[in-house]
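This is work35.cif (mmCIF, C-alpha atoms).
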```cif
data_coords
#
loop_
_atom_site.group_PDB
_atom_site.id
_atom_site.type_symbol
_atom_site.label_atom_id
_atom_site.label_comp_id
_atom_site.auth_asym_id
_atom_site.auth_seq_id
_atom_site.Cartn_x
_atom_site.Cartn_y
_atom_site.Cartn_z
ATOM 1 C CA MET A 14 -10.558 19.128 -38.163
ATOM 2 C CA PRO A 15 -11.176 16.363 -35.568
ATOM 3 C CA SER A 16 -8.258 14.204 -34.458
ATOM 4 C CA ILE A 17 -8.258 10.749 -36.059
ATOM 5 C CA VAL A 18 -6.949 7.657 -34.278
ATOM 6 C CA LEU A 19 -6.427 4.280 -35.911
ATOM 7 C CA VAL A 20 -7.416 1.476 -33.536
ATOM 8 C CA ALA A 21 -5.478 -1.703 -34.314
ATOM 9 C CA SER A 22 -6.929 -3.775 -31.464
ATOM 10 C CA PRO A 23 -10.508 -5.132 -31.371
ATOM 11 C CA LEU A 24 -10.369 -5.024 -27.551
ATOM 12 C CA LEU A 25 -9.492 -1.338 -27.539
ATOM 13 C CA MET A 26 -12.246 -0.555 -30.033
ATOM 14 C CA ALA A 27 -14.772 -2.422 -27.896
ATOM 15 C CA ARG A 28 -13.610 -0.563 -24.779
ATOM 16 C CA SER A 29 -13.079 2.829 -26.438
ATOM 17 C CA ALA A 30 -15.424 4.595 -23.998
ATOM 18 C CA GLN A 31 -12.788 4.024 -21.315
ATOM 19 C CA TRP A 32 -9.972 5.842 -23.100
ATOM 20 C CA ASN A 33 -11.275 7.868 -26.043
ATOM 21 C CA GLY A 34 -11.397 11.591 -25.382
ATOM 22 C CA GLY A 35 -13.542 12.521 -28.363
ATOM 23 C CA HIS A 36 -11.259 11.420 -31.202
ATOM 24 C CA THR A 37 -12.603 10.012 -34.438
ATOM 25 C CA LEU A 38 -11.791 6.294 -34.454
ATOM 26 C CA VAL A 39 -11.101 4.179 -37.516
ATOM 27 C CA THR A 40 -9.927 0.594 -37.959
ATOM 28 C CA PRO A 41 -7.555 -1.039 -40.455
ATOM 29 C CA ALA A 42 -10.662 -2.514 -42.118
ATOM 30 C CA ASP A 43 -12.062 0.999 -42.592
ATOM 31 C CA LEU A 44 -8.891 2.032 -44.417
ATOM 32 C CA SER A 45 -8.890 -1.047 -46.635
ATOM 33 C CA GLN A 46 -12.519 -0.372 -47.561
ATOM 34 C CA GLY A 47 -11.836 3.244 -48.424
ATOM 35 C CA SER A 48 -13.632 4.665 -45.378
ATOM 36 C CA GLY A 49 -10.607 6.661 -44.300
ATOM 37 C CA SER A 50 -7.381 8.097 -45.637
ATOM 38 C CA ALA A 51 -4.035 6.644 -44.603
ATOM 39 C CA GLU A 52 -2.475 10.085 -45.099
ATOM 40 C CA ASN A 53 -4.583 11.492 -42.254
ATOM 41 C CA ILE A 54 -3.454 8.948 -39.653
ATOM 42 C CA GLU A 55 -0.888 10.243 -37.173
ATOM 43 C CA VAL A 56 -1.719 7.954 -34.242
ATOM 44 C CA ILE A 57 -2.274 4.212 -33.792
ATOM 45 C CA VAL A 58 -3.492 2.655 -30.555
ATOM 46 C CA THR A 59 -2.713 -1.018 -30.107
ATOM 47 C CA GLY A 60 -1.935 -3.828 -27.679
ATOM 48 C CA GLU A 61 1.586 -5.221 -27.443
ATOM 49 C CA THR A 62 1.672 -6.366 -31.075
ATOM 50 C CA LEU A 63 1.409 -4.357 -34.272
ATOM 51 C CA ASP A 64 1.563 -5.293 -37.942
ATOM 52 C CA SER A 65 4.664 -3.687 -39.434
ATOM 53 C CA GLY A 66 2.932 -3.613 -42.812
ATOM 54 C CA LEU A 67 0.254 -1.382 -41.328
ATOM 55 C CA VAL A 68 2.907 0.972 -39.990
ATOM 56 C CA ALA A 69 4.573 1.084 -43.394
ATOM 57 C CA SER A 70 1.272 2.030 -45.048
ATOM 58 C CA LEU A 71 0.855 5.188 -42.973
ATOM 59 C CA PRO A 72 3.186 7.898 -44.309
ATOM 60 C CA ASN A 73 2.387 10.483 -41.616
ATOM 61 C CA LEU A 74 2.338 8.246 -38.553
ATOM 62 C CA LYS A 75 3.838 10.012 -35.533
ATOM 63 C CA LEU A 76 2.763 7.983 -32.476
ATOM 64 C CA VAL A 77 2.062 4.375 -31.553
ATOM 65 C CA ALA A 78 0.207 4.385 -28.231
ATOM 66 C CA CYS A 79 0.417 0.938 -26.683
ATOM 67 C CA PHE A 80 -2.210 -0.096 -24.135
ATOM 68 C CA SER A 81 0.013 -2.689 -22.475
ATOM 69 C CA THR A 82 3.288 -2.459 -20.582
ATOM 70 C CA GLY A 83 5.001 -4.920 -22.935
ATOM 71 C CA TYR A 84 5.636 -4.256 -26.604
ATOM 72 C CA GLY A 85 7.580 -7.304 -27.741
ATOM 73 C CA GLY A 86 5.396 -7.661 -30.845
ATOM 74 C CA ILE A 87 6.109 -4.145 -32.114
ATOM 75 C CA ASP A 88 8.995 -3.450 -34.493
ATOM 76 C CA VAL A 89 10.761 -0.802 -32.440
ATOM 77 C CA ALA A 90 13.577 -0.493 -34.995
ATOM 78 C CA LEU A 91 11.029 0.427 -37.658
ATOM 79 C CA LEU A 92 9.470 3.071 -35.419
ATOM 80 C CA ARG A 93 12.886 4.439 -34.501
ATOM 81 C CA SER A 94 13.972 4.647 -38.128
ATOM 82 C CA ARG A 95 10.955 6.810 -38.951
ATOM 83 C CA GLY A 96 11.010 8.928 -35.825
ATOM 84 C CA ILE A 97 7.693 7.516 -34.576
ATOM 85 C CA ALA A 98 7.159 7.805 -30.815
ATOM 86 C CA LEU A 99 5.995 4.837 -28.728
ATOM 87 C CA THR A 100 4.127 5.067 -25.425
ATOM 88 C CA THR A 101 3.116 2.264 -23.075
ATOM 89 C CA ALA A 102 1.297 1.610 -19.807
ATOM 90 C CA ALA A 103 4.621 1.506 -17.991
ATOM 91 C CA GLY A 104 4.338 1.504 -14.225
ATOM 92 C CA VAL A 105 0.579 1.121 -13.803
ATOM 93 C CA ASN A 106 0.706 -2.444 -12.444
ATOM 94 C CA ALA A 107 4.252 -2.690 -11.093
ATOM 95 C CA HIS A 108 3.050 -3.274 -7.512
ATOM 96 C CA ASP A 109 0.658 -6.022 -8.609
ATOM 97 C CA VAL A 110 3.242 -7.793 -10.762
ATOM 98 C CA ALA A 111 5.792 -7.697 -7.957
ATOM 99 C CA ASP A 112 3.215 -9.101 -5.529
ATOM 100 C CA HIS A 113 2.523 -11.948 -7.922
ATOM 101 C CA ALA A 114 6.221 -12.666 -8.402
ATOM 102 C CA ILE A 115 6.609 -13.117 -4.657
ATOM 103 C CA ALA A 116 3.399 -15.165 -4.489
ATOM 104 C CA LEU A 117 4.754 -17.515 -7.149
ATOM 105 C CA LEU A 118 8.032 -17.896 -5.287
ATOM 106 C CA LEU A 119 6.280 -18.602 -1.976
ATOM 107 C CA ALA A 120 3.918 -21.068 -3.622
ATOM 108 C CA TRP A 121 6.855 -22.924 -5.161
ATOM 109 C CA TRP A 122 9.195 -22.760 -2.178
ATOM 110 C CA HIS A 123 6.607 -23.785 0.399
ATOM 111 C CA ARG A 124 5.032 -26.421 -1.872
ATOM 112 C CA ILE A 125 1.605 -24.872 -1.482
ATOM 113 C CA PRO A 126 -0.098 -26.298 -4.613
ATOM 114 C CA ALA A 127 1.029 -29.849 -3.784
ATOM 115 C CA SER A 128 0.117 -29.399 -0.131
ATOM 116 C CA ASP A 129 -3.341 -28.168 -1.052
ATOM 117 C CA GLN A 130 -3.911 -31.228 -3.225
ATOM 118 C CA ARG A 131 -2.572 -33.492 -0.474
ATOM 119 C CA VAL A 132 -5.010 -32.163 2.132
ATOM 120 C CA ARG A 133 -7.955 -32.274 -0.278
ATOM 121 C CA ALA A 134 -7.133 -35.937 -0.954
ATOM 122 C CA GLY A 135 -7.301 -36.731 2.755
ATOM 123 C CA GLY A 136 -3.555 -36.800 3.331
ATOM 124 C CA TRP A 137 -1.407 -35.012 5.838
ATOM 125 C CA ARG A 138 2.320 -34.456 6.225
ATOM 126 C CA ASP A 139 3.366 -38.020 7.023
ATOM 127 C CA GLY A 140 6.437 -38.923 5.016
ATOM 128 C CA LEU A 141 7.174 -35.371 3.893
ATOM 129 C CA VAL A 142 10.740 -34.122 4.067
ATOM 130 C CA PRO A 143 11.068 -30.713 5.794
ATOM 131 C CA ARG A 144 11.651 -27.921 3.299
ATOM 132 C CA PRO A 145 14.574 -25.504 3.632
ATOM 133 C CA SER A 146 13.849 -22.031 4.931
ATOM 134 C CA LEU A 147 13.687 -19.177 2.430
ATOM 135 C CA ARG A 148 15.230 -16.727 4.867
ATOM 136 C CA GLY A 149 18.876 -15.964 4.124
ATOM 137 C CA ARG A 150 18.720 -17.067 0.488
ATOM 138 C CA ARG A 151 20.013 -14.938 -2.390
ATOM 139 C CA ALA A 152 17.621 -13.268 -4.817
ATOM 140 C CA GLY A 153 18.850 -12.089 -8.190
ATOM 141 C CA ILE A 154 16.714 -9.722 -10.243
ATOM 142 C CA VAL A 155 17.134 -9.379 -13.984
ATOM 143 C CA GLY A 156 16.061 -5.836 -14.779
ATOM 144 C CA LEU A 157 15.828 -3.234 -12.027
ATOM 145 C CA GLY A 158 13.011 -1.170 -13.496
ATOM 146 C CA ARG A 159 9.783 -0.314 -11.690
ATOM 147 C CA ILE A 160 8.770 -3.962 -11.275
ATOM 148 C CA GLY A 161 12.276 -5.101 -10.401
ATOM 149 C CA GLU A 162 12.575 -2.497 -7.643
ATOM 150 C CA HIS A 163 9.259 -3.550 -6.113
ATOM 151 C CA ILE A 164 10.343 -7.198 -6.202
ATOM 152 C CA ALA A 165 13.633 -6.273 -4.541
ATOM 153 C CA ARG A 166 11.884 -4.511 -1.652
ATOM 154 C CA ARG A 167 9.519 -7.421 -1.109
ATOM 155 C CA ALA A 168 12.353 -9.951 -1.298
ATOM 156 C CA GLU A 169 14.330 -8.025 1.309
ATOM 157 C CA ALA A 170 11.304 -8.036 3.592
ATOM 158 C CA LEU A 171 11.353 -11.846 3.388
ATOM 159 C CA GLY A 172 14.957 -11.915 4.570
ATOM 160 C CA LEU A 173 16.604 -12.514 1.191
ATOM 161 C CA SER A 174 19.774 -10.738 0.125
ATOM 162 C CA VAL A 175 19.241 -8.935 -3.175
ATOM 163 C CA SER A 176 21.438 -8.213 -6.167
ATOM 164 C CA TRP A 177 20.559 -7.396 -9.743
ATOM 165 C CA TRP A 178 21.809 -7.076 -13.256
ATOM 166 C CA GLY A 179 20.817 -4.870 -16.176
ATOM 167 C CA PRO A 180 22.684 -3.439 -19.149
ATOM 168 C CA HIS A 181 22.922 0.021 -17.591
ATOM 169 C CA ALA A 182 24.446 0.930 -14.239
ATOM 170 C CA LYS A 183 22.189 2.633 -11.689
ATOM 171 C CA PRO A 184 24.356 4.414 -9.128
ATOM 172 C CA GLU A 185 21.263 5.296 -7.109
ATOM 173 C CA ALA A 186 20.195 1.648 -6.735
ATOM 174 C CA ALA A 187 19.998 0.331 -3.192
ATOM 175 C CA TRP A 188 21.307 -3.107 -4.185
ATOM 176 C CA PRO A 189 24.598 -4.226 -5.781
ATOM 177 C CA ARG A 190 24.753 -4.799 -9.525
ATOM 178 C CA ALA A 191 26.363 -8.047 -10.671
ATOM 179 C CA ALA A 192 29.178 -7.901 -13.192
ATOM 180 C CA SER A 193 27.107 -9.866 -15.709
ATOM 181 C CA LEU A 194 23.869 -11.780 -16.072
ATOM 182 C CA LEU A 195 25.878 -15.002 -15.880
ATOM 183 C CA ASP A 196 27.438 -13.907 -12.585
ATOM 184 C CA LEU A 197 24.011 -12.963 -11.218
ATOM 185 C CA ALA A 198 22.616 -16.391 -12.073
ATOM 186 C CA ARG A 199 25.609 -18.152 -10.582
ATOM 187 C CA ASP A 200 25.187 -16.260 -7.288
ATOM 188 C CA SER A 201 21.384 -16.582 -6.959
ATOM 189 C CA ASP A 202 19.133 -19.085 -5.243
ATOM 190 C CA VAL A 203 16.129 -17.387 -6.844
ATOM 191 C CA LEU A 204 16.342 -15.581 -10.176
ATOM 192 C CA PHE A 205 13.487 -13.181 -10.945
ATOM 193 C CA VAL A 206 13.018 -12.160 -14.576
ATOM 194 C CA ALA A 207 11.658 -8.612 -14.639
ATOM 195 C CA THR A 208 13.478 -7.205 -17.622
ATOM 196 C CA ARG A 209 11.983 -5.225 -20.496
ATOM 197 C CA ALA A 210 10.303 -7.424 -23.099
ATOM 198 C CA SER A 211 12.104 -5.920 -26.077
ATOM 199 C CA PRO A 212 13.589 -7.755 -29.078
ATOM 200 C CA GLU A 213 17.171 -7.288 -27.921
ATOM 201 C CA ASN A 214 16.367 -9.151 -24.698
ATOM 202 C CA ALA A 215 14.793 -12.170 -26.392
ATOM 203 C CA ARG A 216 16.033 -15.519 -24.986
ATOM 204 C CA GLN A 217 18.399 -13.803 -22.591
ATOM 205 C CA ILE A 218 17.700 -16.584 -20.096
ATOM 206 C CA ASP A 219 19.300 -19.341 -22.151
ATOM 207 C CA ALA A 220 20.895 -22.710 -21.470
ATOM 208 C CA ALA A 221 24.090 -21.103 -20.154
ATOM 209 C CA ILE A 222 22.206 -18.975 -17.635
ATOM 210 C CA LEU A 223 20.146 -21.965 -16.494
ATOM 211 C CA HIS A 224 23.304 -24.016 -16.101
ATOM 212 C CA ALA A 225 24.813 -21.201 -13.999
ATOM 213 C CA LEU A 226 21.718 -21.224 -11.757
ATOM 214 C CA GLY A 227 22.314 -24.845 -10.911
ATOM 215 C CA PRO A 228 20.269 -27.638 -9.324
ATOM 216 C CA GLU A 229 19.368 -25.801 -6.101
ATOM 217 C CA ALA A 230 17.941 -22.620 -7.661
ATOM 218 C CA VAL A 231 14.525 -21.593 -8.943
ATOM 219 C CA LEU A 232 13.556 -19.313 -11.838
ATOM 220 C CA VAL A 233 10.598 -16.908 -11.514
ATOM 221 C CA ASN A 234 9.348 -15.157 -14.648
ATOM 222 C CA VAL A 235 6.648 -12.457 -14.512
ATOM 223 C CA SER A 236 7.800 -10.420 -17.514
ATOM 224 C CA ARG A 237 7.324 -12.175 -20.868
ATOM 225 C CA GLY A 238 7.890 -15.699 -22.111
ATOM 226 C CA MET A 239 10.066 -14.547 -25.002
ATOM 227 C CA LEU A 240 12.809 -13.601 -22.547
ATOM 228 C CA VAL A 241 13.445 -17.279 -21.735
ATOM 229 C CA ASP A 242 14.624 -20.026 -24.068
ATOM 230 C CA GLU A 243 11.658 -22.244 -23.281
ATOM 231 C CA ALA A 244 13.110 -25.389 -24.846
ATOM 232 C CA ALA A 245 16.220 -25.005 -22.702
ATOM 233 C CA LEU A 246 14.089 -24.347 -19.635
ATOM 234 C CA LEU A 247 11.954 -27.445 -20.188
ATOM 235 C CA GLN A 248 15.077 -29.556 -20.598
ATOM 236 C CA ALA A 249 16.602 -28.094 -17.428
ATOM 237 C CA LEU A 250 13.409 -28.840 -15.494
ATOM 238 C CA GLU A 251 13.100 -32.379 -16.837
ATOM 239 C CA GLN A 252 16.726 -33.140 -16.029
ATOM 240 C CA HIS A 253 16.591 -31.281 -12.686
ATOM 241 C CA ALA A 254 19.454 -29.087 -13.817
ATOM 242 C CA ILE A 255 17.612 -26.371 -11.880
ATOM 243 C CA ALA A 256 15.392 -26.984 -8.867
ATOM 244 C CA GLY A 257 12.299 -25.576 -10.506
ATOM 245 C CA ALA A 258 10.433 -22.651 -11.999
ATOM 246 C CA ALA A 259 7.460 -20.447 -11.144
ATOM 247 C CA LEU A 260 6.011 -18.927 -14.301
ATOM 248 C CA ASP A 261 3.256 -16.482 -15.147
ATOM 249 C CA VAL A 262 4.260 -16.122 -18.808
ATOM 250 C CA PHE A 263 5.101 -18.445 -21.687
ATOM 251 C CA ASP A 264 6.609 -18.264 -25.136
ATOM 252 C CA CYS A 265 3.260 -19.146 -26.693
ATOM 253 C CA GLU A 266 0.084 -18.264 -24.800
ATOM 254 C CA PRO A 267 -1.888 -20.203 -23.858
ATOM 255 C CA PRO A 268 0.893 -22.803 -23.680
ATOM 256 C CA ASP A 269 0.807 -26.398 -24.853
ATOM 257 C CA VAL A 270 -0.185 -27.986 -21.550
ATOM 258 C CA SER A 271 1.328 -31.338 -22.512
ATOM 259 C CA ARG A 272 4.774 -29.765 -22.152
ATOM 260 C CA TRP A 273 4.193 -28.795 -18.526
ATOM 261 C CA LYS A 274 1.685 -31.052 -16.784
ATOM 262 C CA ALA A 275 4.108 -33.911 -16.138
ATOM 263 C CA LEU A 276 6.567 -31.623 -14.325
ATOM 264 C CA ASP A 277 6.285 -31.636 -10.555
ATOM 265 C CA ASN A 278 8.840 -28.874 -10.034
ATOM 266 C CA VAL A 279 6.873 -25.969 -11.509
ATOM 267 C CA VAL A 280 4.152 -23.597 -10.361
ATOM 268 C CA LEU A 281 2.193 -21.977 -13.197
ATOM 269 C CA SER A 282 -0.323 -19.150 -13.572
ATOM 270 C CA PRO A 283 -2.072 -17.836 -16.717
ATOM 271 C CA HIS A 284 -0.362 -14.455 -17.316
ATOM 272 C CA LEU A 285 -2.328 -12.641 -14.635
ATOM 273 C CA ALA A 286 0.386 -10.952 -12.565
ATOM 274 C CA GLY A 287 -0.797 -7.497 -13.573
ATOM 275 C CA TYR A 288 -4.416 -8.480 -14.148
ATOM 276 C CA THR A 289 -6.156 -6.462 -11.450
ATOM 277 C CA GLN A 290 -9.199 -4.207 -11.581
ATOM 278 C CA GLU A 291 -7.163 -1.174 -10.611
ATOM 279 C CA ALA A 292 -4.430 -1.823 -13.163
ATOM 280 C CA GLY A 293 -6.925 -2.239 -16.003
ATOM 281 C CA SER A 294 -8.553 1.089 -15.222
ATOM 282 C CA ALA A 295 -5.164 2.792 -14.941
ATOM 283 C CA MET A 296 -4.003 1.367 -18.282
ATOM 284 C CA PHE A 297 -7.009 2.827 -20.093
ATOM 285 C CA GLY A 298 -6.471 6.122 -18.307
ATOM 286 C CA GLN A 299 -2.791 6.267 -19.217
ATOM 287 C CA LEU A 300 -3.555 5.468 -22.853
ATOM 288 C CA GLY A 301 -6.071 8.302 -22.977
ATOM 289 C CA GLU A 302 -3.673 10.716 -21.309
ATOM 290 C CA ASN A 303 -0.902 9.955 -23.802
ATOM 291 C CA LEU A 304 -3.335 10.684 -26.643
ATOM 292 C CA ARG A 305 -4.521 13.905 -25.016
ATOM 293 C CA ARG A 306 -0.950 15.095 -24.591
ATOM 294 C CA TYR A 307 -0.016 14.250 -28.156
ATOM 295 C CA PHE A 308 -2.889 16.176 -29.706
ATOM 296 C CA ALA A 309 -2.351 19.062 -27.269
ATOM 297 C CA GLY A 310 1.314 19.286 -28.218
ATOM 298 C CA GLU A 311 2.453 18.427 -24.670
ATOM 299 C CA PRO A 312 5.248 16.035 -23.619
ATOM 300 C CA LEU A 313 4.070 12.421 -23.655
ATOM 301 C CA LEU A 314 3.406 10.756 -20.321
ATOM 302 C CA THR A 315 5.251 7.460 -20.822
ATOM 303 C CA PRO A 316 7.436 7.548 -23.928
ATOM 304 C CA VAL A 317 9.744 4.623 -24.610
ATOM 305 C CA SER A 318 13.366 5.722 -24.776
ATOM 306 C CA TYR A 319 14.866 4.274 -27.972
#
```
What is this file in structure tokens?
Amino acid sequence: MPSIVLVASPLLMARSAQWNGGHTLVTPADLSQGSGSAENIEVIVTGETLDSGLVASLPNLKLVACFSTGYGGIDVALLRSRGIALTTAAGVNAHDVADHAIALLLAWWHRIPASDQRVRAGGWRDGLVPRPSLRGRRAGIVGLGRIGEHIARRAEALGLSVSWWGPHAKPEAAWPRAASLLDLARDSDVLFVATRASPENARQIDAAILHALGPEAVLVNVSRGMLVDEAALLQALEQHAIAGAALDVFDCEPPDVSRWKALDNVVLSPHLAGYTQEAGSAMFGQLGENLRRYFAGEPLLTPVSY
């Protein structure tokens, strides 16, 4: 009997040639129209969101294979309660995301977007106040996973001192772990958000953390918008309670531009930190490999540890 995979993402169905290893593919619409049996579905492939009602309708579901690195829109507690495995594209674009995090910081710190506009308008540096040097500043990293480690190495190369915080100690880490997220924010000139985009981490960068950062520090987020209390961040930026922010991700994407365009202390990009040709190819490949391993009865390549 051929393996059957339920494809919950139109993008993944359209690009199935890049990851499908000969499985029979069906969609939720096929099931609702009677073109397939819910009892035969053991595997769903999806992006970083998944309808919990769909999961509940599949009594024999064993694996949710997620194309993306993030899975904030998937009910992990529901999967855990039913013993359903979850795989992701973890690690495939960590280098690219870390590069972009540093690019955002450099763009903000060295005022590159404003300087570009100034030159294009025929201006020069008359009247500009010299900026402080980045060298010797303190970088704090929230989440020392694959991306966080790459950011740490790049930050060190720029002459920043690095510390980090995460819920679990890592004795092998090359950098000191702060006692708490609040302590990390208080001791950082730059706070990079690179933590896992899971429900328990939602809004972990809240008003208290922003207050601890203070008016001389900048926030850089390349993980997911849901990790930051965006209303608190906007207020902190408007009131200059922090020096600024460099963001690749937002709570709602695309964001309401009216909330950001009046702010002169932000640098923004459209969620493209990991959006490279090589990463896209690797994500499809990793998705296909997780499926191959599942149907072959082999250990999964990138299972999420619940």
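When only C-alpha atoms are used to compute distances to Leu300 (chain A), the closest of the residues A:Ser146, A:Thr62, A:Ser45, A:Thr315 turns out to be A:Thr315.
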| message | So that I can see what lies close to region 224-233 of chain A, please list as an NGL selection string the residues with an atom at most 7 Å from it, counting only C-alpha atoms and leaving out residues fewer than 4 positions away in the same chain. | response | :A and (114 or 118 or 195 or 198-199 or 201-206 or 220 or 253-260)
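Counting only C-alpha atoms and comparing A:Pro267, A:Gly161, A:Pro283, A:Pro212, the residue that lies closest to Ala187 (chain A) is A:Gly161.
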Which residues are close to region 234-243 of chain A, i.e. within 7 Å by only C-alpha atoms, leaving aside same-chain residues fewer than 3 positions away? Reply as a compact mmCIF listing (two decimals) with C-alpha atoms, in the coordinates of the input.
```txt
# COMPACT_ATOMS: atom_id res chain seq x y z
CA VAL A 110 3.24 -7.79 -10.76
CA ALA A 114 6.22 -12.67 -8.40
CA PHE A 205 13.49 -13.18 -10.94
CA VAL A 206 13.02 -12.16 -14.58
CA ALA A 207 11.66 -8.61 -14.64
CA THR A 208 13.48 -7.20 -17.62
CA ALA A 210 10.30 -7.42 -23.10
CA ASN A 214 16.37 -9.15 -24.70
CA ALA A 215 14.79 -12.17 -26.39
CA ARG A 216 16.03 -15.52 -24.99
CA GLN A 217 18.40 -13.80 -22.59
CA ILE A 218 17.70 -16.58 -20.10
CA ASP A 219 19.30 -19.34 -22.15
CA LEU A 246 14.09 -24.35 -19.64
CA LEU A 247 11.95 -27.44 -20.19
CA ALA A 259 7.46 -20.45 -11.14
CA LEU A 260 6.01 -18.93 -14.30
CA ASP A 261 3.26 -16.48 -15.15
CA VAL A 262 4.26 -16.12 -18.81
CA PHE A 263 5.10 -18.44 -21.69
CA ASP A 264 6.61 -18.26 -25.14
CA ALA A 286 0.39 -10.95 -12.56
```
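We find CA of Leu171 (chain A) and CA of Val142 (chain A) to be spaced 22.3 Å apart.
For the pair CA of Leu194 (chain A) and CA of Ala120 (chain A), the interatomic distance is 25.3 Å.
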| said: Which residues, named as in the file, does the PyMOL selection byres ((chain A and resi 99) around 8) pick out? Answer as a count of residues only. | reply: 11
| message | Which residues, named as in the file, does the PyMOL selection byres ((chain A and resi 20) around 7) pick out? Answer as a PyMOL selection string. | response | chain A and resi 18-19+21-22+25-26+38-40+57-59
| request: For Ile164 (chain A), list every protein, DNA or RNA residue within 8 Å, evaluated using all atoms listed in the file, and leave out those in the same chain fewer than 4 positions away; present the list as a PyMOL selection string. | output: chain A and resi 111-112+114-115+154+160+168
| field | For Asn303 (chain A), the nearest of the candidates A:Val56, A:Ala165, A:Ala182, A:Ile87, counting all atoms listed in the file | value | A:Val56
Padding 4 Å on each side, edges along x, y and z: where is the centre of the box around the listed atoms of region 134-149 of chain A, and how long are its edges in Å to one decimal? Output it as AutoDock Vina command-line options.
```
--center_x 5.8 --center_y -27.4 --center_z 3.0 --size_x 34.2 --size_y 31.0 --size_z 16.0
```
| Using all atoms listed in the file, which of the listed residues (A:Trp273, A:Arg305, A:His163, A:Trp177) sits closest to Gln248 (chain A)? | A:Trp273
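Relative to CA of Ser176 (chain A), CA of Arg151 (chain A) is found at 7.8 Å.
With all atoms listed in the file as the atoms that count, the residue of A:Arg148, A:Val270, A:Ala221, A:Leu157 with the shortest distance to Ala170 (chain A) is A:Arg148.
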| field | Distance criterion (only C-alpha atoms): nearest to Ala69 (chain A) out of A:Arg272, A:Arg95, A:His108, A:His181 | value | A:Arg95
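For the file shown, the residue list from the PyMOL selection byres ((chain A and resi 54) around 9) reads Ser16, Ile17, Val18, Leu19, Gly49, Ser50, Ala51, Glu52, Asn53, Glu55, Val56, Ile57, Leu71, Pro72, Asn73, Leu74 and Lys75 of chain A.
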| task | Counting only C-alpha atoms, find the residues whose atoms lie at most 12 Å from (1.9, -29.0, 0.5) (file coordinates) and write them out as a PyMOL selection string. | result | chain A and resi 119-134+136-144
| field | Spatial sel., origin (1.8, -0.7, -23.4), limit 7 Å, all atoms listed in the file, listed as a PyMOL selection string | value | chain A and resi 60-61+79-84+100-103
